[in-house]
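Data file: structure.pdb. Format and content: PDB, C-alpha atoms.
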```
MODEL        1
ATOM      1  CA  MET A   1    -109.499  90.713  99.549
ATOM      2  CA  GLY A   2    -113.095  89.469  99.782
ATOM      3  CA  LEU A   3    -114.426  91.933  97.204
ATOM      4  CA  LYS A   4    -111.658  91.143  94.731
ATOM      5  CA  GLY A   5    -112.513  87.468  95.039
ATOM      6  CA  PHE A   6    -116.214  88.297  94.702
ATOM      7  CA  GLU A   7    -115.709  90.187  91.433
ATOM      8  CA  ARG A   8    -113.381  87.542  90.005
ATOM      9  CA  ARG A   9    -115.723  84.659  90.843
ATOM     10  CA  LEU A  10    -118.733  86.458  89.426
ATOM     11  CA  GLU A  11    -116.907  87.316  86.194
ATOM     12  CA  ASN A  12    -115.841  83.680  85.841
ATOM     13  CA  ALA A  13    -119.388  82.492  86.527
ATOM     14  CA  VAL A  14    -121.049  84.595  83.849
ATOM     15  CA  GLU A  15    -118.094  85.159  81.487
ATOM     16  CA  GLY A  16    -119.146  87.167  78.437
ATOM     17  CA  VAL A  17    -122.565  87.927  79.875
ATOM     18  CA  PHE A  18    -120.895  89.986  82.606
ATOM     19  CA  SER A  19    -119.277  92.497  80.260
ATOM     20  CA  ARG A  20    -122.310  92.663  77.977
ATOM     21  CA  VAL A  21    -125.040  93.420  80.502
ATOM     22  CA  PHE A  22    -123.044  95.692  82.793
ATOM     23  CA  LYS A  23    -121.708  98.229  80.249
ATOM     24  CA  SER A  24    -124.311 100.571  81.709
ATOM     25  CA  GLY A  25    -126.415 100.404  84.850
ATOM     26  CA  VAL A  26    -125.450  98.977  88.225
ATOM     27  CA  ARG A  27    -122.247  96.943  88.439
ATOM     28  CA  PRO A  28    -122.118  94.091  90.966
ATOM     29  CA  ILE A  29    -118.815  95.283  92.477
ATOM     30  CA  GLU A  30    -120.528  98.578  93.375
ATOM     31  CA  ILE A  31    -123.201  96.606  95.235
ATOM     32  CA  GLY A  32    -120.512  94.551  96.981
ATOM     33  CA  ARG A  33    -118.651  97.653  98.135
ATOM     34  CA  LYS A  34    -121.794  99.304  99.508
ATOM     35  CA  LEU A  35    -122.916  96.095 101.194
ATOM     36  CA  THR A  36    -119.658  95.814 103.147
ATOM     37  CA  ARG A  37    -119.877  99.529 104.056
ATOM     38  CA  GLU A  38    -123.381  98.885 105.411
ATOM     39  CA  MET A  39    -121.924  96.089 107.542
ATOM     40  CA  ASP A  40    -119.252  98.443 108.902
ATOM     41  CA  ASP A  41    -121.694 101.289 109.546
ATOM     42  CA  GLY A  42    -124.302  99.036 111.161
ATOM     43  CA  ARG A  43    -122.026  96.966 113.406
ATOM     44  CA  THR A  44    -122.783  96.829 117.116
ATOM     45  CA  VAL A  45    -121.763  94.888 120.230
ATOM     46  CA  ASP A  46    -124.149  92.073 121.138
ATOM     47  CA  VAL A  47    -124.986  90.677 124.585
ATOM     48  CA  ARG A  48    -122.028  88.265 124.396
ATOM     49  CA  GLY A  49    -119.571  91.079 123.744
ATOM     50  CA  ARG A  50    -119.084  90.178 120.086
ATOM     51  CA  THR A  51    -119.040  92.749 117.298
ATOM     52  CA  ALA A  52    -122.144  91.833 115.304
ATOM     53  CA  ALA A  53    -122.895  93.052 111.788
ATOM     54  CA  PRO A  54    -126.147  93.056 109.778
ATOM     55  CA  ASN A  55    -126.780  89.735 108.044
ATOM     56  CA  SER A  56    -129.938  90.348 105.987
ATOM     57  CA  PHE A  57    -129.757  92.610 102.942
ATOM     58  CA  THR A  58    -132.357  93.811 100.435
ATOM     59  CA  ILE A  59    -130.831  95.325  97.279
ATOM     60  CA  VAL A  60    -133.322  97.749  95.731
ATOM     61  CA  ILE A  61    -132.728  98.355  92.005
ATOM     62  CA  SER A  62    -134.557  99.750  88.995
ATOM     63  CA  SER A  63    -136.717  97.663  86.663
ATOM     64  CA  ASP A  64    -134.128  97.953  83.851
ATOM     65  CA  ASP A  65    -131.269  96.844  86.103
ATOM     66  CA  HIS A  66    -133.368  93.978  87.436
ATOM     67  CA  ASP A  67    -133.953  92.805  83.857
ATOM     68  CA  SER A  68    -130.181  92.916  83.256
ATOM     69  CA  PHE A  69    -129.602  90.775  86.346
ATOM     70  CA  SER A  70    -132.371  88.270  85.584
ATOM     71  CA  ASP A  71    -130.101  85.570  84.134
ATOM     72  CA  ILE A  72    -127.580  85.741  86.981
ATOM     73  CA  ALA A  73    -129.736  86.806  89.956
ATOM     74  CA  ASP A  74    -129.112  83.599  91.928
ATOM     75  CA  THR A  75    -125.365  83.724  91.235
ATOM     76  CA  LEU A  76    -125.195  87.376  92.214
ATOM     77  CA  ALA A  77    -127.074  86.801  95.489
ATOM     78  CA  ARG A  78    -124.874  83.815  96.348
ATOM     79  CA  GLU A  79    -121.657  85.722  95.640
ATOM     80  CA  LEU A  80    -122.841  88.738  97.643
ATOM     81  CA  CYS A  81    -123.496  86.406 100.587
ATOM     82  CA  ASP A  82    -119.974  85.008 100.252
ATOM     83  CA  ALA A  83    -118.519  88.542 100.055
ATOM     84  CA  ALA A  84    -120.354  89.425 103.291
ATOM     85  CA  ARG A  85    -119.033  86.290 104.999
ATOM     86  CA  GLU A  86    -115.465  86.986 103.870
ATOM     87  CA  HIS A  87    -115.676  90.597 105.049
ATOM     88  CA  ALA A  88    -117.020  89.431 108.416
ATOM     89  CA  ARG A  89    -114.120  87.013 108.841
ATOM     90  CA  ASP A  90    -111.597  89.697 107.844
ATOM     91  CA  GLU A  91    -113.054  92.191 110.346
ATOM     92  CA  GLY A  92    -113.918  89.738 113.120
ATOM     93  CA  TYR A  93    -117.682  90.318 112.878
ATOM     94  CA  ALA A  94    -120.300  87.841 114.072
ATOM     95  CA  PHE A  95    -123.749  87.280 112.567
ATOM     96  CA  LEU A  96    -126.977  86.631 114.478
ATOM     97  CA  GLY A  97    -128.276  84.292 111.771
ATOM     98  CA  PRO A  98    -127.645  83.087 108.207
ATOM     99  CA  VAL A  99    -126.568  85.672 105.628
ATOM    100  CA  GLU A 100    -129.394  86.502 103.203
ATOM    101  CA  VAL A 101    -129.466  88.710 100.099
ATOM    102  CA  GLU A 102    -132.623  89.579  98.162
ATOM    103  CA  LEU A 103    -132.951  91.640  94.973
ATOM    104  CA  ALA A 104    -136.035  93.874  94.933
ATOM    105  CA  VAL A 105    -137.456  96.182  92.260
ATOM    106  CA  ASP A 106    -138.526  99.765  92.869
ATOM    107  CA  PRO A 107    -140.064 101.360  89.737
ATOM    108  CA  SER A 108    -139.094 104.800  91.054
ATOM    109  CA  GLN A 109    -135.388 103.841  91.255
ATOM    110  CA  ARG A 110    -133.332 105.351  88.439
ATOM    111  CA  THR A 111    -131.367 103.009  86.171
ATOM    112  CA  GLY A 112    -127.789 102.737  87.381
ATOM    113  CA  THR A 113    -128.659 103.526  91.007
ATOM    114  CA  PHE A 114    -129.540 101.279  93.932
ATOM    115  CA  SER A 115    -130.032 101.252  97.683
ATOM    116  CA  ILE A 116    -129.419  98.628 100.351
ATOM    117  CA  GLU A 117    -131.566  97.864 103.378
ATOM    118  CA  ALA A 118    -129.362  96.119 105.955
ATOM    119  CA  ARG A 119    -130.921  94.401 108.983
ATOM    120  CA  PHE A 120    -130.036  92.135 111.889
ATOM    121  CA  ARG A 121    -132.063  88.935 111.670
ATOM    122  CA  GLU A 122    -131.789  85.957 114.009
ATOM    123  CA  GLY A 123    -131.877  82.454 112.667
ATOM    124  CA  THR A 124    -135.185  80.592 112.961
ATOM    125  CA  GLY A 125    -135.716  79.405 116.510
ATOM    126  CA  GLY A 126    -132.890  81.641 117.721
ATOM    127  CA  SER A 127    -130.181  79.577 115.996
ATOM    128  CA  GLY A 128    -126.982  81.361 115.066
ATOM    129  CA  ALA A 129    -125.113  81.612 111.796
ATOM    130  CA  GLY A 130    -123.226  78.660 110.381
ATOM    131  CA  SER A 131    -122.606  76.734 107.186
ATOM    132  CA  LEU A 132    -120.670  73.770 105.830
ATOM    133  CA  LEU A 133    -118.399  74.245 102.850
ATOM    134  CA  LEU A 134    -118.632  70.993 100.878
ATOM    135  CA  PRO A 135    -115.784  69.451  98.826
ATOM    136  CA  ALA A 136    -117.265  70.583  95.491
ATOM    137  CA  GLY A 137    -117.446  74.174  96.736
ATOM    138  CA  ASP A 138    -121.181  74.120  97.473
ATOM    139  CA  ARG A 139    -122.428  75.564 100.749
ATOM    140  CA  TYR A 140    -124.913  73.904 103.120
ATOM    141  CA  VAL A 141    -126.487  76.515 105.386
ATOM    142  CA  LEU A 142    -127.103  75.340 108.953
ATOM    143  CA  ARG A 143    -130.374  76.353 110.577
ATOM    144  CA  GLU A 144    -132.389  75.211 113.609
ATOM    145  CA  GLN A 145    -132.762  71.599 112.407
ATOM    146  CA  VAL A 146    -130.353  68.813 113.284
ATOM    147  CA  VAL A 147    -128.263  67.903 110.209
ATOM    148  CA  VAL A 148    -127.423  64.222 109.648
ATOM    149  CA  ILE A 149    -124.200  63.384 107.800
ATOM    150  CA  GLY A 150    -123.652  59.901 106.405
ATOM    151  CA  ARG A 151    -123.619  57.519 103.451
ATOM    152  CA  LEU A 152    -127.391  57.016 103.164
ATOM    153  CA  PRO A 153    -129.117  58.994 100.387
ATOM    154  CA  GLU A 154    -131.702  60.269 102.874
ATOM    155  CA  CYS A 155    -129.048  61.964 105.023
ATOM    156  CA  ASP A 156    -129.063  65.761 104.891
ATOM    157  CA  VAL A 157    -125.426  65.706 103.762
ATOM    158  CA  THR A 158    -124.655  62.491 101.858
ATOM    159  CA  ILE A 159    -121.018  61.408 101.620
ATOM    160  CA  VAL A 160    -120.190  58.682  99.112
ATOM    161  CA  ASP A 161    -117.236  56.999 100.815
ATOM    162  CA  PRO A 162    -117.036  53.358 102.021
ATOM    163  CA  ASN A 163    -115.245  54.580 105.166
ATOM    164  CA  VAL A 164    -118.282  56.658 106.163
ATOM    165  CA  SER A 165    -121.077  55.011 108.160
ATOM    166  CA  ARG A 166    -124.665  55.080 106.958
ATOM    167  CA  ARG A 167    -125.555  57.613 109.670
ATOM    168  CA  HIS A 168    -122.151  58.873 110.679
ATOM    169  CA  ALA A 169    -122.608  62.129 112.611
ATOM    170  CA  GLU A 170    -124.957  64.992 113.399
ATOM    171  CA  ILE A 171    -124.530  68.728 113.594
ATOM    172  CA  GLN A 172    -126.841  70.049 116.291
ATOM    173  CA  PRO A 173    -127.750  73.691 117.002
ATOM    174  CA  ARG A 174    -126.814  74.664 120.555
ATOM    175  CA  GLY A 175    -127.657  78.196 121.655
ATOM    176  CA  VAL A 176    -126.149  80.497 119.021
ATOM    177  CA  GLY A 177    -123.618  77.893 117.857
ATOM    178  CA  PHE A 178    -123.375  74.341 116.514
ATOM    179  CA  VAL A 179    -121.994  71.074 117.879
ATOM    180  CA  LEU A 180    -120.679  68.041 115.971
ATOM    181  CA  VAL A 181    -121.831  64.747 117.514
ATOM    182  CA  ASP A 182    -120.477  61.399 116.296
ATOM    183  CA  LEU A 183    -123.196  58.728 116.077
ATOM    184  CA  GLY A 184    -120.980  55.788 117.032
ATOM    185  CA  SER A 185    -119.551  55.579 113.512
ATOM    186  CA  THR A 186    -117.166  52.778 112.615
ATOM    187  CA  ASN A 187    -114.231  55.031 111.688
ATOM    188  CA  GLY A 188    -115.054  58.019 113.866
ATOM    189  CA  SER A 189    -115.275  61.755 113.228
ATOM    190  CA  LYS A 190    -112.420  64.243 113.440
ATOM    191  CA  VAL A 191    -112.184  67.993 113.923
ATOM    192  CA  ASN A 192    -108.888  69.473 112.749
ATOM    193  CA  GLY A 193    -107.442  65.967 112.666
ATOM    194  CA  VAL A 194    -108.410  65.094 116.258
ATOM    195  CA  PRO A 195    -110.959  62.303 116.901
ATOM    196  CA  VAL A 196    -114.044  63.590 118.727
ATOM    197  CA  SER A 197    -117.297  62.197 120.058
ATOM    198  CA  GLU A 198    -118.772  65.668 120.588
ATOM    199  CA  ARG A 199    -117.282  69.058 119.830
ATOM    200  CA  GLU A 200    -118.499  72.655 119.700
ATOM    201  CA  LEU A 201    -117.588  74.023 116.285
ATOM    202  CA  ARG A 202    -115.595  77.173 115.652
ATOM    203  CA  ASP A 203    -115.092  79.176 112.496
ATOM    204  CA  GLY A 204    -112.679  77.447 110.120
ATOM    205  CA  ASP A 205    -112.818  74.002 111.762
ATOM    206  CA  GLU A 206    -112.070  71.141 109.339
ATOM    207  CA  LEU A 207    -114.419  68.171 109.771
ATOM    208  CA  SER A 208    -113.223  64.757 108.580
ATOM    209  CA  PHE A 209    -115.490  61.805 107.815
ATOM    210  CA  GLY A 210    -113.639  58.912 106.201
ATOM    211  CA  ASN A 211    -111.593  60.460 103.396
ATOM    212  CA  VAL A 212    -113.884  63.474 102.987
ATOM    213  CA  ARG A 213    -113.290  66.870 104.574
ATOM    214  CA  LEU A 214    -115.807  69.640 105.139
ATOM    215  CA  THR A 215    -115.170  73.110 106.531
ATOM    216  CA  PHE A 216    -117.383  74.769 109.146
ATOM    217  CA  GLN A 217    -117.839  78.510 108.760
ATOM    218  CA  ALA A 218    -119.538  80.508 111.500
ATOM    219  CA  SER A 219    -121.330  82.769 109.015
TER     220      SER A 219
ENDMDL
END
```
Show the structure stored in the file as structure tokens.
Amino acid sequence: MGLKGFERRLENAVEGVFSRVFKSGVRPIEIGRKLTREMDDGRTVDVRGRTAAPNSFTIVISSDDHDSFSDIADTLARELCDAAREHARDEGYAFLGPVEVELAVDPSQRTGTFSIEARFREGTGGSGAGSLLLPAGDRYVLREQVVVIGRLPECDVTIVDPNVSRRHAEIQPRGVGFVLVDLGSTNGSKVNGVPVSERELRDGDELSFGNVRLTFQAS
């Protein structure tokens, strides 16, 4: 399911460019398939008893293939990260830190071939993996810093809604997870429709601030 969505989103993102540059050489769906196989092959049980999968990937490609990807490299990396997250949710895998994908060139790599280096990498400061899916579809990756949500432009996540306080809430790293803390906002914060002052976040939780909803993903 995740890979089908990955291919469809990437095709929509680059439209005609997709079919033109990938008539020969490496196709993104091939990278996506191998990346998820690397996750399956590299999975292990961590100290908390969770099934953890690699979260940091280096895609090694030829110079010619890298030139073909140059116009869509950022889109490709972002979609590969999303494919990894979707596969992890489907299989019940946990990550030790944020999902990262890097494209690297190896002059000795033949055109149309590639390799993947998959690693476990903790978040900075030992923080776990987590991100906020914003209303427009953008993703805000959570790291070791406290994230302030509110109406002020200087907030890390700015929400333009008169029902949202200037500094409405924070998301704080706690151990390998994240906690939502309301900052005494006028209209309160909700998780899955329930008002909260402080709440440990779980994968798929819906966070409500005024009329705006964000989704927490533990990957």
Handout entry: Residue nearest Asp65 in chain A - candidates A:Arg202, A:Arg27, A:His168, A:Arg48, atoms counted: all atoms listed in the file
Key =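 Nearest candidate to Asp65 in chain A out of A:Arg202, A:Arg27, A:His168, A:Arg48: A:Arg27.
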Evaluate the PyMOL selection byres ((chain A and resi 76-85) around 6) against this structure - the residues, as an mmCIF file with C-alpha atoms, keeping the file's coordinate frame, please.
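Ended up saving to out-v3.cif:
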```
data_model
loop_
_atom_site.group_PDB
_atom_site.id
_atom_site.type_symbol
_atom_site.label_atom_id
_atom_site.label_comp_id
_atom_site.auth_asym_id
_atom_site.auth_seq_id
_atom_site.Cartn_x
_atom_site.Cartn_y
_atom_site.Cartn_z
ATOM 1 C CA GLY A 2 -113.095 89.469 99.782
ATOM 2 C CA PHE A 6 -116.214 88.297 94.702
ATOM 3 C CA ILE A 72 -127.580 85.741 86.981
ATOM 4 C CA ALA A 73 -129.736 86.806 89.956
ATOM 5 C CA ASP A 74 -129.112 83.599 91.928
ATOM 6 C CA THR A 75 -125.365 83.724 91.235
ATOM 7 C CA GLU A 86 -115.465 86.986 103.870
ATOM 8 C CA HIS A 87 -115.676 90.597 105.049
ATOM 9 C CA ALA A 88 -117.020 89.431 108.416
ATOM 10 C CA VAL A 99 -126.568 85.672 105.628
ATOM 11 C CA VAL A 101 -129.466 88.710 100.099
ATOM 12 C CA SER A 219 -121.330 82.769 109.015
#
```
Handout entry: Close residues, Thr186 in chain A itself excluded, 10 Å, only C-alpha atoms, min 4 positions apart in chain, as a list in words
Key =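 Selected residues are Asn163, Val164, Ser165, Arg166, His168, Asp182 and Gly210 of chain A.
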What box, with edges along x, y and z, holds each listed atom of range 202-210 of chain A when 4 Å is added on every side, and can you state its centre and edge lengths in Å to one decimal, as lines of an AutoDock Vina configuration file?
```
center_x = -113.8
center_y = 69.0
center_z = 110.9
size_x = 11.5
size_y = 28.3
size_z = 17.5
```
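This file gives the following result for the PyMOL selection byres ((chain A and resi 32-38) around 8): Leu3, Phe6, Pro28, Ile29, Glu30, Ile31, Met39, Asp40, Asp41, Gly42, Pro54, Phe57, Leu80, Ala83, Ala84, His87, Ile116 and Ala118 of chain A.
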Problem - Shell around range 102-109 of chain A at 7 Å using only C-alpha atoms, local window under 4 positions removed, as a list in words - result: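 Residues meeting the cut-off are Phe57, Thr58, Ile59, Val60, Ile61, Ser62, Ser63, His66, Ala77, Thr113 and Phe114 of chain A.
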